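S.K.: Dropping a structure here in structure tokens format, bear with me for questions.
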Amino acid sequence: MTISNPLLDFSDLPLFDRIRPNDVSPAMDALLSEVNMALEAVTSPAFPAEWNAIASTLDVATEKLSRAWGAVSHLNSVADTPELRAAYNAVLPKVIEFWTRLGADERLYAKYKAIDAAHLNTEQRQAHKNAVRNFVLSGAELTGAAKERFTKIQERQAELSQKFSENALDATDGFAHYAKEGELSGMPADAVQTAREEAAFEEKEGYKLTLKMPSYLPVMQFADSSAVREILYRAYSTRASDQAPAEFSQFDNSSVIREILALRLEEAQLLGYRNYGEVSVVAKMAKSPEEVVIFLRELAHRARPYAEKDVADLHAFAAQHMALQDPQPWDYAYIAEKLKEARYSFSEQEVKQYFTAPKVLAGLFKIIETLFEVNIRNDTAPVWKSGVEFFRIERAGQLVGQFYLDQPARTGKRGGAWMDDVRARWLRPDTGKLQTPVAHLVCNFADGVGGKPALLSHDDVTTLFHEFGHGLHHLMSQINERDVAGISGVEWDAVELPSQFMENFCWEWDVLKHMTAHVDTGEPLPRELFDKMLAGKNFQSGMQTLRQVELSLFDMLLHTSYNATADVMALLNEVRNEIAVIKAPAYSRTAHTFSHIFSGGYAAGYYSYKWAEVLSADAYAAFEEAAHTAASDSTVSVATGRKYRNTILEVGGSRPAMESFKAFRGREPSIDALMRHQGMAQ
Ligand SMILES: [Zn+2]
């Protein structure tokens with residue numbers, strides 16, 4: 001039989017050049033029926049409770065589903081058309097329904113529980129442990145009324161988080177202030193023009209200012225009128241709350257927040273925990289909510305003197321240069337822009353001339369090849385657009401992994417940058433052969449103009465390094481068990497370690513001077529310009545750290561201390577009094593639009609950002625230490641790179657992240673390196 005549907009060909013790489021919208025529905029229907037049959041087979045009473053037997057039936061089928069659906073989703077993100085989007089949306093609910101049902105299947109849970117872990121190798125044991133844990137957190141141990149209630153709680157929570165984000169969105173979109181001629185002095189010309197056009201579009205006089213970032217930010221940073229800034233600041237910080245004007249009262253999230261918190265507490269108690277904070281850390285690197293709280297308070301303690309100095313600098317500058325003696329909350333961003341300009345002004349446009357895409361990529365590849373003892377070569381594969389590149393990574397002539405690189409921005413391509421897996425490293429239970437990993441690396445860089453190569457901003461370069469960090473975590477894996485290979489099974493608060501780690505190289509003079517060449521003259525980045533960039537990098541890092549700590553601490557305390565009589569605003573005020581260096585007005589309602597924790601999956605997990613930053617900075621510090629002791633003075637140290645690769649990248653999720661970190665550093669993580677990197681050390 002010849003396979004005519006390209007989505008059903010699993011012989012090697014996806015046939016991206018042949019997949020058509022009409023292929024999606026028949027292929028996914030066939031694969032869904034296959035996975036359903038596999039699920040029925042492995043859950044039948046006669047089926048053996050053995051890891052390999054389940055894997056070669058169920059995992060082989062679900063892997064096909066993931067790979068085919070992954071190809072469709074990928075095309076939907078990078079080469080969208082109305083036909084493909086329709087085909088994607090038609091199938092999406094069926095795919096979600098299957099994964100949800102699989103994750104809660106009691107028969108499958110019983111089968112996994114019956115597996116004798118003594119017969120598993122260490123990788124399988126970790127994958128098995130994760131699988132059982134996920135079932136338990138999905139309520140698989142509950143029975144009778146408790147189970148019914150658990151399901152009801154899940155459904156209601158999904159509705160509430162949807163309601164929360166709709167309220168936040170509608171409150172943001174609902175507000176507009178029409179400014180008069182002359183009220184926008186100081187603002188960038190493009191922002192003023194957009195405001196004028198938006199008002200004209202509604203046949204209104206003046207300039208339309210809104211709470212959406214492209215409008216709100218330039219006002220807060222640049223508008224000379226304190227009165228206009230105050231109007232927008234107040235509207236922004238009371239969105240979706242009881243403090244908003246009466247016309248927006250239908251968007252008030254107060255009761256939504258209380259119901260979400262009450263349901264999370266009930267869910268935690270049904271699962272046998274004291275609070276939701278305890279549930280959140282079960283699958284994370286942090287051992288307990290208390291450990292997170294101690295971590296955040298130490299970070300605040302260390303950052304406080306620097307944050308106080310940041311505020312003092314702003315006050316002094318405002319008094320001396322702006323005749324502003326008593327700054328209000330809506331003045332700080334404005335003062336900060338003026339201070340930044342006075343201290344560190346350099347042109348982003350000038351910096352860009354030195355970062356041509358091919359030179360940057362060659363520099364990045366060189367670092368990877370040296371640090372991780374591999375070769376990166378051009379390779380061929382079916383692609384979705386011309387200009388998409390494909391590479392293979394080899395070590396000593398052996399294939400390690402392959403990746404697609406899709407750099408240019410274009411119509412039909414989702415914005416931003418990301419890494420995604422095409423397939424994972426897996427010693428396949430069906431064929432006994434080793435499958436090598438494949439990844440997507442996607443960015444959105446502007447094309448070159450006038451026949452010149454594309455020019456990248458320093459932010460673009462950092463993004464590229466970040467995504468390659470995720471990619472290397474996936475591709476360098478030496479683990480044979482799919483669900484703990486690469487980034488699979490890695491604790492959520494540790495998954496950004498390899499990505500943020502790579503960003504550090506973008507701030508090394510030694511690296512940048514080899515990675516830059518002026519687009520016209522070929523000269524490397526001047527040292528003087530680099531020093532200015534470096535000085536500006538840590539501007540207000542003390543204040544920014546405390547702001548992140550404030551949100552993280554509020555999130556964790558809210559999810560550990562909430563009960564029926566709790567007062568959310570009182571807790572927020574307590575945290576502000578403890579942490580913040582700039583006093584928020586009494587009307588400010590940050591919680592009411594804190595979408596990360598009420599509709600974004602970060603509940604009792606917002607601290608993860610700072611947590612992973614500590615890990616990546618401390619890991620990178622090992623390379624700085626190596627540079628100090630080596631004759632070359634370079635952080636691109638082969639010996640340290642090998643150790644990092646062996647202890648962190650190659651082992652992926654096959655053991656706890658803390659074990660991997662300790663194997664690399666010889667000790668537990670320390671905050672010191674992050675403080676130093678952000679200019680907060682003596
Ligand atoms: Zn990332």
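So you can find residues: chains in the structure tokens are A, B, ... in the order shown, residues in each start at 1, and ligands are numbered from 1 in order.
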Taking only C-alpha atoms and all ligand atoms into account, report as a PDB file with C-alpha atoms, in the first residue's frame which residues have an atom no farther than 10 Å from an atom of ligand 1.
M.R.:
ATOM      1  CA  ALA A 417      10.616  33.452  18.751  1.00  0.00           C
ATOM      2  CA  TRP A 418      10.385  29.889  19.996  1.00  0.00           C
ATOM      3  CA  MET A 419      11.824  26.392  20.078  1.00  0.00           C
ATOM      4  CA  THR A 463      16.622  36.046  21.663  1.00  0.00           C
ATOM      5  CA  HIS A 466      18.004  32.043  24.247  1.00  0.00           C
ATOM      6  CA  GLU A 467      16.059  29.845  21.832  1.00  0.00           C
ATOM      7  CA  PHE A 468      19.201  27.936  20.859  1.00  0.00           C
ATOM      8  CA  GLY A 469      19.647  27.215  24.579  1.00  0.00           C
ATOM      9  CA  HIS A 470      16.243  25.472  24.603  1.00  0.00           C
ATOM     10  CA  GLY A 471      17.136  23.772  21.323  1.00  0.00           C
ATOM     11  CA  VAL A 495      13.413  24.643  32.264  1.00  0.00           C
ATOM     12  CA  GLU A 496      14.710  28.164  31.485  1.00  0.00           C
ATOM     13  CA  LEU A 497      18.170  27.371  32.838  1.00  0.00           C
ATOM     14  CA  PRO A 498      19.796  26.343  29.501  1.00  0.00           C
ATOM     15  CA  SER A 499      18.095  29.152  27.558  1.00  0.00           C
ATOM     16  CA  GLN A 500      18.946  32.026  29.899  1.00  0.00           C
ATOM     17  CA  TYR A 609      11.177  33.427  36.509  1.00  0.00           C
TER      18      TYR A 609
END
S.K.: As a VMD selection string, please: the residues near A:Phe164 (cut-off 9 Å, only C-alpha atoms, same-chain neighbours under 6 positions excluded).
M.R.: chain A and resid 240 251 to 253 256 to 257 592 to 593 595 598 to 599
S.K.: Residues within 12 Å of stretch 264-274 of chain A, please, as a PyMOL selection string. Count only C-alpha atoms; anything in the same chain fewer than 2 positions from it doesn't count.
M.R.: chain A and resi 133+135-143+145-158+160-161+257-262+276-282+288-289+558-564+597-598+603-604
S.K.: Of the candidates A:Asp459, A:Asp493, A:Asp170, A:Asp406, which one gets nearest to A:Glu348 if we count only C-alpha atoms?
M.R.: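 Among A:Asp459, A:Asp493, A:Asp170, A:Asp406, it is A:Asp459 that comes nearest to A:Glu348.
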S.K.: Could you give me, as a list in words, the residues within 10 Å of A:Asp80, counting only C-alpha atoms and dropping anything in the same chain fewer than 6 positions from it?
M.R.: Ser73, His74, Thr411, Gly412, Lys413 and Arg414 of chain A
S.K.: Would you save the residues of that selection, restricted to C-alpha atoms, as an mmCIF file, in the first residue's frame?
M.R.:
data_model
loop_
_atom_site.group_PDB
_atom_site.id
_atom_site.type_symbol
_atom_site.label_atom_id
_atom_site.label_comp_id
_atom_site.auth_asym_id
_atom_site.auth_seq_id
_atom_site.Cartn_x
_atom_site.Cartn_y
_atom_site.Cartn_z
ATOM 1 C CA SER A 73 0.398 23.223 14.423
ATOM 2 C CA HIS A 74 3.817 24.253 13.212
ATOM 3 C CA THR A 411 2.966 37.421 6.506
ATOM 4 C CA GLY A 412 1.214 34.361 7.893
ATOM 5 C CA LYS A 413 3.921 33.769 10.501
ATOM 6 C CA ARG A 414 3.181 34.231 14.199
#
S.K.: Hey, which of A:Ala179, A:Leu551, A:Ala171, A:Ala79 ends up closest to A:His596? Count only C-alpha atoms.
M.R.: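 For A:His596, the nearest of the candidates is A:Leu551.
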S.K.: Show me, as number ranges by chain, the residues that have an atom within 8 Å of stretch 622-635 of chain A when counting only C-alpha atoms, minus same-chain residues fewer than 6 positions from it.
M.R.: A: 510, 641, 665
S.K.: Find the spatial neighbours of A:Ala55, counting only C-alpha atoms, within a cut-off of 12 Å - ignore same-chain residues fewer than 2 positions away - and output them as JSON, numbers by chain.
M.R.: {"A": [38, 39, 41, 42, 48, 49, 50, 51, 52, 53, 57, 58, 59, 60, 61, 62, 63, 112, 124, 127, 128, 426, 427, 428, 429, 430, 431, 432, 481, 482, 483]}
S.K.: Mind checking which residues fall within 12 Å of A:Asp242, counting only C-alpha atoms, ignoring those fewer than 5 positions away in the same chain, and posting them as a list in words?
M.R.: Ala171, Ala235, Ser237, Glu247, Phe248, Ser249, Gln250, Phe251, Asp252, Asn253, Ser254, Ser255, Met569, Tyr587, Ser588, Arg589, Thr590, Ala591 and His592 of chain A
S.K.: Keeping N, CA and C atoms, export the residues of the selection given above as an mmCIF file, in the first residue's frame.
M.R.:
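Listing of again_37.cif after writing:
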data_model
loop_
_atom_site.group_PDB
_atom_site.id
_atom_site.type_symbol
_atom_site.label_atom_id
_atom_site.label_comp_id
_atom_site.auth_asym_id
_atom_site.auth_seq_id
_atom_site.Cartn_x
_atom_site.Cartn_y
_atom_site.Cartn_z
ATOM 1 N N ALA A 171 -11.759 45.356 29.927
ATOM 2 C CA ALA A 171 -11.481 46.569 30.693
ATOM 3 C C ALA A 171 -10.349 47.359 30.040
ATOM 4 N N ALA A 235 -6.436 54.863 35.272
ATOM 5 C CA ALA A 235 -7.293 53.941 34.523
ATOM 6 C C ALA A 235 -6.623 52.568 34.413
ATOM 7 N N SER A 237 -4.277 51.171 36.408
ATOM 8 C CA SER A 237 -4.091 50.401 37.652
ATOM 9 C C SER A 237 -5.404 50.095 38.372
ATOM 10 N N GLU A 247 -19.027 52.865 34.735
ATOM 11 C CA GLU A 247 -19.352 52.316 33.408
ATOM 12 C C GLU A 247 -18.625 51.005 33.112
ATOM 13 N N PHE A 248 -17.558 50.704 33.899
ATOM 14 C CA PHE A 248 -16.816 49.455 33.678
ATOM 15 C C PHE A 248 -17.065 48.418 34.777
ATOM 16 N N SER A 249 -18.095 48.653 35.599
ATOM 17 C CA SER A 249 -18.282 47.775 36.774
ATOM 18 C C SER A 249 -18.563 46.329 36.380
ATOM 19 N N GLN A 250 -19.087 46.123 35.155
ATOM 20 C CA GLN A 250 -19.362 44.728 34.757
ATOM 21 C C GLN A 250 -18.083 43.916 34.548
ATOM 22 N N PHE A 251 -16.912 44.595 34.474
ATOM 23 C CA PHE A 251 -15.650 43.878 34.270
ATOM 24 C C PHE A 251 -14.903 43.616 35.578
ATOM 25 N N ASP A 252 -15.535 43.914 36.713
ATOM 26 C CA ASP A 252 -14.854 43.765 38.008
ATOM 27 C C ASP A 252 -14.505 42.297 38.289
ATOM 28 N N ASN A 253 -13.230 42.013 38.474
ATOM 29 C CA ASN A 253 -12.769 40.636 38.713
ATOM 30 C C ASN A 253 -12.779 40.231 40.191
ATOM 31 N N SER A 254 -13.221 41.115 41.099
ATOM 32 C CA SER A 254 -13.121 40.814 42.540
ATOM 33 C C SER A 254 -13.729 39.458 42.914
ATOM 34 N N SER A 255 -14.965 39.212 42.464
ATOM 35 C CA SER A 255 -15.610 37.962 42.880
ATOM 36 C C SER A 255 -15.015 36.768 42.128
ATOM 37 N N MET A 569 -6.884 42.186 48.968
ATOM 38 C CA MET A 569 -6.242 43.498 48.915
ATOM 39 C C MET A 569 -5.380 43.754 50.149
ATOM 40 N N TYR A 587 -5.747 53.204 45.470
ATOM 41 C CA TYR A 587 -6.696 52.661 44.484
ATOM 42 C C TYR A 587 -6.090 51.588 43.582
ATOM 43 N N SER A 588 -4.766 51.397 43.597
ATOM 44 C CA SER A 588 -4.113 50.480 42.666
ATOM 45 C C SER A 588 -4.507 49.021 42.942
ATOM 46 N N ARG A 589 -4.923 48.308 41.887
ATOM 47 C CA ARG A 589 -5.447 46.934 42.046
ATOM 48 C C ARG A 589 -4.692 45.961 41.131
ATOM 49 N N THR A 590 -3.419 45.732 41.421
ATOM 50 C CA THR A 590 -2.595 44.862 40.577
ATOM 51 C C THR A 590 -3.201 43.466 40.408
ATOM 52 N N ALA A 591 -3.781 42.938 41.482
ATOM 53 C CA ALA A 591 -4.270 41.558 41.454
ATOM 54 C C ALA A 591 -5.336 41.348 40.380
ATOM 55 N N HIS A 592 -6.127 42.399 40.124
ATOM 56 C CA HIS A 592 -7.292 42.231 39.253
ATOM 57 C C HIS A 592 -6.962 42.002 37.785
#
S.K.: For A:Cys506, which residue among A:Thr380, A:Asn22, A:Ser457, A:Gln548 is the nearest when counting only C-alpha atoms?
M.R.: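 When distances to A:Cys506 are compared using only C-alpha atoms, the smallest one comes from A:Ser457.
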S.K.: Record the distance separating atom CA of A:Thr210 and atom CA of A:Tyr233, expressed in Å with one decimal.
M.R.: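 Atom-to-atom, atom CA of A:Thr210 and atom CA of A:Tyr233 are spaced 10.7 Å apart.
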S.K.: Report, in Å with one decimal, the straight-line distance from atom CA of A:Gly387 to atom CA of A:Leu15.
M.R.: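 Separation between atom CA of A:Gly387 and atom CA of A:Leu15: 16.3 Å.
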S.K.: Could you pull out all residues of stretch 324-484 of chain A with a DSSP call of strand (DSSP E) and give them as JSON, numbers by chain?
M.R.: {"A": [375, 376, 377, 378, 389, 390, 391, 392, 393, 394, 395, 398, 399, 400, 401, 402, 403, 404, 405, 406, 407, 408, 418, 419, 420, 421, 422, 423, 426, 427, 434, 435, 438, 439, 440, 441, 442, 443, 444, 445]}
S.K.: Give the alpha helix (DSSP H) residues of stretch 174-354 of chain A, as assigned by DSSP on the backbone, as number ranges by chain.
M.R.: A: 174, 189-201, 213-222, 226-237, 254-270, 276-281, 289-322, 332-344, 348-352
